[in-house]
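Participant: Got a structure for you, written out below as structure tokens; questions coming shortly.
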Amino acid sequence: MTVNAEIAMKDRKIPKISMHGFAERKDQIAKEIIHAAENSGFFILENQESPSVAEIEEMFALSERFFDLPEATKARTPFAKTENTGWETCSQIRPSTGSPDQKESIQLQYHRRGDRTWPEDPLIPEFQQTVAEFMEKTHSLSMNILSVFALALGFPEDFFVKSHDVNKSEAQSTIRLLHYHDITGTQFPSSYWRAGAHTDYDCLTMLFQKTGEDGLEICPGREAHTSFGTGDLWTPVKARTGEVVCNIGDMLMAWSDDRFKSLYHRVRCPGIGEKQSSRYSIAYFNQANKDVEIKGPLGKYPAMTAHKYILDATKRNYGELRR
Ligand SMILES: O=C(O)CCC(=O)C(=O)O
Ligand SMILES: [Fe+2]
């Protein structure tokens with residue numbers, strides 16, 4: 001690659017798509033989304049009606065209150081690999097790095113609210129309701145985007161809406177609140193990351209970030225959902241409260257016979273001299289219900305249930321989960 005091409009990749013703009021007037025401008029917005037999914041894999045939504053900037057800020061404030069709880073309290077809802085729910089800290093070792101992510105996170109599923117996989121109500125009384133409402137809003141926004149993908153693949157418009165029914169017991173969609181610890185004064189070796197390079201294994205991730213809390217980087221150029229190599233040209237994604245960073249996951253890359261790209265991404269560990277205070281983010285992973293069969297229109301890959309797809313991916317990604 002020429003030097004100029006390398007510079008172009010590093011400075012590459014992530015497409016920004018305004019959701020203003022989605023119902024009236026759907027055809028235009030759909031064109032932009034499909035172009036972004038086929039070419040960049042990552043795109044940023046702005047001006048969506050819901051969740052609003054105020055609702056996103058409220059969700060971040062709640063997340064901060066949760067992570068401020070004592071570790072022993074948070075550990076009462078431990079991460080369960082087979083369920084893909086619960087709280088973990090500095091325990092996820094990505095296959096790409098071999099060192100634990102410098103973060104803590106809690107994963108929750110909508111249909112399981114109120115059971116042992118959610119923190120008990122009295123800890124933060126409004127936690128469950130606020131998180132559930134935020135999930136509902138983010139889910140609806142996700143379904144708008146997934147409907148666009150369904151039509152582009154030749155499926156009925158509600159195809160992915162039906163396969164991502166979060167009210168059913170087979171649901172697998174998950175929200176993940178993330179807190180990257182304050183590491184002020186610590187210089188981690190270069191093999192340490194806040195989140196090591198990985199692809200997401202869902203259909204579509206909706207990521208919320210906070211202005212000033214940068215660090216996310218993406219790597220373009222992945223051609224098959226089964227390939228694990230990464231390039232070394234990373235593009236930073238600026239964090240802005242209110243925007244929704246969308247990225248295609250491996251499940252949709254498989255479902256689209258590799259037409260829509262699921263890219264490697266990572267979160268840098270800032271070094272001494274950089275802003276090393278806490279970073280918060282929120283990810284909503286749209287994952288098809290367990291019993292749904294993933295089968296692309298061209299049949300490039302053998303059909304597989306979404307249950308097996310997620311189980312295989314969690315084994316790969318949490319295989320070395322440290323306890
Ligand atoms: O925190 C971020 O910005 C990215 C998180 C992420 O990629 C993930 O949890 O899969
Ligand atoms: Fe990710």
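By order in the structure tokens, chains are A, B, ...; within a chain, residues start at 1; ligands start at 1, following the order shown.
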Quick one: pick out all alpha helix (DSSP H) residues within stretch 79-315 of chain A from a backbone DSSP run and write them as number ranges by chain.
Facilitator: A: 127-152, 159-163, 250-255, 306-315
Participant: Produce a table with one row for each residue of chain A that has an atom at most 7 Å from any atom of ligand 2, each row naming the nearest atom pair and its distance in Å at one decimal; use only C-alpha atoms and all ligand atoms; arrange rows by chain and rising residue number; format as a tab-separated table.
Facilitator:
```
residue	atom	partner	partner_atom_place_in_ligand_line	distance
A:His198	CA	ligand 2	1 (Fe)	6.3
A:Thr199	CA	ligand 2	1 (Fe)	5.8
A:Asp200	CA	ligand 2	1 (Fe)	4.8
A:His265	CA	ligand 2	1 (Fe)	6.3
```
Participant: Write to file, as a compact mmCIF listing (two decimals), in the first residue's frame, the residues of the selection just made, with C-alpha atoms.
Facilitator:
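Just written: again-v3.txt:
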```
# COMPACT_ATOMS: atom_id res chain seq x y z
CA HIS A 198 -12.20 -8.22 18.56
CA THR A 199 -15.23 -8.42 16.34
CA ASP A 200 -18.70 -8.48 17.87
CA HIS A 265 -12.23 -2.84 16.88
```
Participant: Just want the residues within 10 Å of ligand 1, written as an MDAnalysis selection string, counting only C-alpha atoms and all ligand atoms.
Facilitator: chainID A and resid 103 105 107 175:180 194:202 205:210 213:218 237:239 245 247 249 264:268 279:285
Participant: Which value, in Å to one decimal, gives the distance between atom CA of A:Pro15 and atom CA of A:Leu263?
Facilitator: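 Calculated distance between atom CA of A:Pro15 and atom CA of A:Leu263 is 14.4 Å.
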Participant: For A:Ser147, work out the shell of residues within 10 Å, counting only C-alpha atoms and skipping chain neighbours fewer than 3 positions away, then give it as a list in words.
Facilitator: Ala30, Ser142, Met143, Asn144, Ala150, Leu151, Ala152, Leu153, Phe155, Pro156, Glu157, Asp158, Phe159, Phe160 and Val161 of chain A
Participant: Fewer than 2 positions away in the same chain doesn't count, so skip those; otherwise give me all residues within 10 Å of stretch 252-260 of chain A, counting only C-alpha atoms, as number ranges by chain.
Facilitator: A: 34-42, 146, 149-150, 152-153, 201-204, 222-226, 247-250, 262-263, 286-288, 293-304
Participant: Using 12 Å as the limit and counting only C-alpha atoms, can you tabulate each residue of stretch 259-317 of chain A that touches stretch 77-90 of chain A, with its shortest atom-to-atom distance in Å and the two atoms involved, as a Markdown table?
Facilitator:
```
| residue | atom | partner | partner_atom | distance |
| --- | --- | --- | --- | --- |
| A:Phe285 | CA | A:Asn84 | CA | 11.2 |
| A:Gln287 | CA | A:Asn84 | CA | 11.4 |
| A:Lys290 | CA | A:Glu83 | CA | 11.6 |
| A:His307 | CA | A:Thr82 | CA | 10.5 |
| A:Lys308 | CA | A:Thr82 | CA | 11.1 |
| A:Ile310 | CA | A:Asn84 | CA | 9.0 |
| A:Leu311 | CA | A:Thr82 | CA | 7.1 |
| A:Asp312 | CA | A:Thr82 | CA | 10.2 |
| A:Ala313 | CA | A:Lys81 | CA | 10.7 |
| A:Thr314 | CA | A:Lys81 | CA | 7.0 |
| A:Lys315 | CA | A:Lys81 | CA | 7.9 |
| A:Arg316 | CA | A:Lys81 | CA | 10.9 |
| A:Asn317 | CA | A:Lys81 | CA | 9.8 |
```
Participant: Extract the full set of strand (DSSP E or B) residues from stretch 15-233 of chain A according to DSSP on the backbone, and format it as number ranges by chain.
Facilitator: A: 16-18, 42-46, 78, 80, 85-89, 93, 100, 104-108, 174-180, 195-198, 204-209, 216-219
Participant: Please, could you write that set of residues out with N, CA and C atoms as a short mmCIF file (atom, residue, chain, number, x, y, z; two decimals), in the first residue's frame?
Facilitator:
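This went into selection09.cif:
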```
data_model
loop_
_atom_site.label_atom_id
_atom_site.label_comp_id
_atom_site.auth_asym_id
_atom_site.auth_seq_id
_atom_site.Cartn_x
_atom_site.Cartn_y
_atom_site.Cartn_z
N LYS A 16 -21.58 9.28 8.77
CA LYS A 16 -22.57 9.75 9.74
C LYS A 16 -23.91 9.82 9.05
N ILE A 17 -24.92 9.25 9.65
CA ILE A 17 -26.23 9.17 9.02
C ILE A 17 -27.26 9.81 9.93
N SER A 18 -27.94 10.85 9.41
CA SER A 18 -28.95 11.52 10.24
C SER A 18 -30.25 10.74 10.19
N PHE A 42 -18.81 0.10 9.97
CA PHE A 42 -19.15 0.99 11.09
C PHE A 42 -19.84 2.23 10.52
N PHE A 43 -20.85 2.73 11.21
CA PHE A 43 -21.44 4.02 10.85
C PHE A 43 -22.05 4.63 12.09
N ILE A 44 -22.25 5.95 12.04
CA ILE A 44 -22.72 6.65 13.23
C ILE A 44 -24.09 7.26 12.95
N LEU A 45 -25.05 6.97 13.82
CA LEU A 45 -26.38 7.59 13.69
C LEU A 45 -26.39 8.86 14.52
N GLU A 46 -27.03 9.90 13.99
CA GLU A 46 -27.23 11.12 14.78
C GLU A 46 -28.66 11.60 14.56
N PRO A 78 -22.75 -12.46 39.36
CA PRO A 78 -21.52 -12.79 38.63
C PRO A 78 -21.76 -13.12 37.15
N ALA A 80 -21.90 -15.15 33.92
CA ALA A 80 -22.09 -16.58 33.62
C ALA A 80 -21.89 -16.76 32.12
N THR A 85 -24.56 -13.28 30.73
CA THR A 85 -25.11 -12.21 31.59
C THR A 85 -24.23 -12.07 32.83
N GLY A 86 -24.32 -10.91 33.50
CA GLY A 86 -23.67 -10.71 34.79
C GLY A 86 -22.47 -9.78 34.74
N TRP A 87 -21.86 -9.60 35.93
CA TRP A 87 -20.78 -8.63 36.12
C TRP A 87 -19.42 -9.33 36.15
N GLU A 88 -18.45 -8.73 35.52
CA GLU A 88 -17.07 -9.24 35.58
C GLU A 88 -16.12 -8.05 35.67
N THR A 89 -14.94 -8.29 36.20
CA THR A 89 -13.93 -7.22 36.21
C THR A 89 -12.56 -7.76 35.83
N ILE A 93 -10.18 -12.21 28.66
CA ILE A 93 -8.94 -12.26 27.87
C ILE A 93 -9.31 -12.53 26.42
N PRO A 100 -5.78 -9.61 30.14
CA PRO A 100 -7.18 -9.27 30.45
C PRO A 100 -7.52 -7.83 30.11
N GLU A 104 -14.45 -3.20 33.67
CA GLU A 104 -15.49 -4.02 34.29
C GLU A 104 -16.76 -3.83 33.48
N SER A 105 -17.62 -4.84 33.49
CA SER A 105 -18.84 -4.72 32.69
C SER A 105 -19.95 -5.54 33.31
N ILE A 106 -21.19 -5.12 33.03
CA ILE A 106 -22.33 -5.97 33.41
C ILE A 106 -23.21 -6.14 32.19
N GLN A 107 -23.65 -7.38 31.95
CA GLN A 107 -24.53 -7.68 30.81
C GLN A 107 -25.88 -8.12 31.34
N LEU A 108 -26.92 -7.64 30.68
CA LEU A 108 -28.29 -7.89 31.14
C LEU A 108 -29.18 -8.19 29.94
N THR A 174 -28.63 -8.39 24.33
CA THR A 174 -28.02 -8.10 25.62
C THR A 174 -27.55 -6.65 25.67
N ILE A 175 -27.76 -5.99 26.81
CA ILE A 175 -27.13 -4.68 26.99
C ILE A 175 -25.87 -4.89 27.84
N ARG A 176 -24.83 -4.12 27.53
CA ARG A 176 -23.60 -4.22 28.32
C ARG A 176 -23.20 -2.82 28.75
N LEU A 177 -23.17 -2.61 30.07
CA LEU A 177 -22.65 -1.35 30.60
C LEU A 177 -21.17 -1.58 30.84
N LEU A 178 -20.35 -0.63 30.38
CA LEU A 178 -18.90 -0.81 30.51
C LEU A 178 -18.27 0.34 31.28
N HIS A 179 -17.32 -0.02 32.14
CA HIS A 179 -16.52 0.98 32.86
C HIS A 179 -15.05 0.60 32.74
N TYR A 180 -14.31 1.47 32.07
CA TYR A 180 -12.86 1.27 31.97
C TYR A 180 -12.26 2.06 33.13
N ALA A 195 -9.98 -2.63 25.87
CA ALA A 195 -10.68 -3.76 25.23
C ALA A 195 -9.82 -4.20 24.06
N GLY A 196 -9.33 -5.44 24.12
CA GLY A 196 -8.47 -5.96 23.07
C GLY A 196 -9.21 -6.11 21.76
N ALA A 197 -8.47 -6.13 20.65
CA ALA A 197 -9.08 -6.20 19.32
C ALA A 197 -10.01 -7.41 19.21
N HIS A 198 -11.20 -7.16 18.72
CA HIS A 198 -12.20 -8.22 18.56
C HIS A 198 -13.25 -7.79 17.54
N LEU A 204 -26.01 -6.73 15.14
CA LEU A 204 -25.79 -5.28 15.07
C LEU A 204 -25.58 -4.75 16.48
N THR A 205 -24.48 -4.01 16.68
CA THR A 205 -24.21 -3.39 17.97
C THR A 205 -24.53 -1.91 17.90
N MET A 206 -25.21 -1.41 18.94
CA MET A 206 -25.46 0.03 19.07
C MET A 206 -24.60 0.48 20.24
N LEU A 207 -23.63 1.31 19.97
CA LEU A 207 -22.69 1.71 21.02
C LEU A 207 -22.87 3.19 21.37
N PHE A 208 -22.96 3.47 22.67
CA PHE A 208 -23.09 4.84 23.15
C PHE A 208 -21.79 5.20 23.86
N GLN A 209 -21.27 6.38 23.51
CA GLN A 209 -20.04 6.86 24.16
C GLN A 209 -20.30 8.24 24.75
N LEU A 216 -11.81 4.39 21.29
CA LEU A 216 -12.25 3.34 20.37
C LEU A 216 -11.56 3.50 19.02
N GLU A 217 -11.12 2.39 18.46
CA GLU A 217 -10.47 2.39 17.14
C GLU A 217 -10.99 1.21 16.33
N ILE A 218 -11.11 1.42 15.02
CA ILE A 218 -11.58 0.33 14.17
C ILE A 218 -10.58 0.03 13.06
N CYS A 219 -10.65 -1.21 12.58
CA CYS A 219 -9.70 -1.66 11.55
C CYS A 219 -10.47 -2.15 10.33
#
```
Participant: To one decimal place, how far is atom CA of A:Ile183 from atom CA of A:Gly273 in Å?
Facilitator: 11.5 Å
Participant: Which polymer residues have any atom within 7 Å of an atom of A:Gly242, counting only C-alpha atoms, with same-chain residues fewer than 4 positions away left out, as a list in words?
Facilitator: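 The neighbour list is Ser52, Val53 and Ile56 of chain A.
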Participant: Suppose we keep N, CA and C atoms; can you now write the selection as a short mmCIF file (atom, residue, chain, number, x, y, z; two decimals), in the first residue's frame?
Facilitator:
```cif
data_model
loop_
_atom_site.label_atom_id
_atom_site.label_comp_id
_atom_site.auth_asym_id
_atom_site.auth_seq_id
_atom_site.Cartn_x
_atom_site.Cartn_y
_atom_site.Cartn_z
N SER A 52 -33.05 9.72 23.38
CA SER A 52 -32.62 11.11 23.24
C SER A 52 -31.30 11.34 23.98
N VAL A 53 -30.70 12.50 23.74
CA VAL A 53 -29.44 12.81 24.43
C VAL A 53 -29.65 12.77 25.95
N ILE A 56 -29.84 9.24 27.18
CA ILE A 56 -28.52 8.60 27.16
C ILE A 56 -27.69 9.09 28.36
#
```
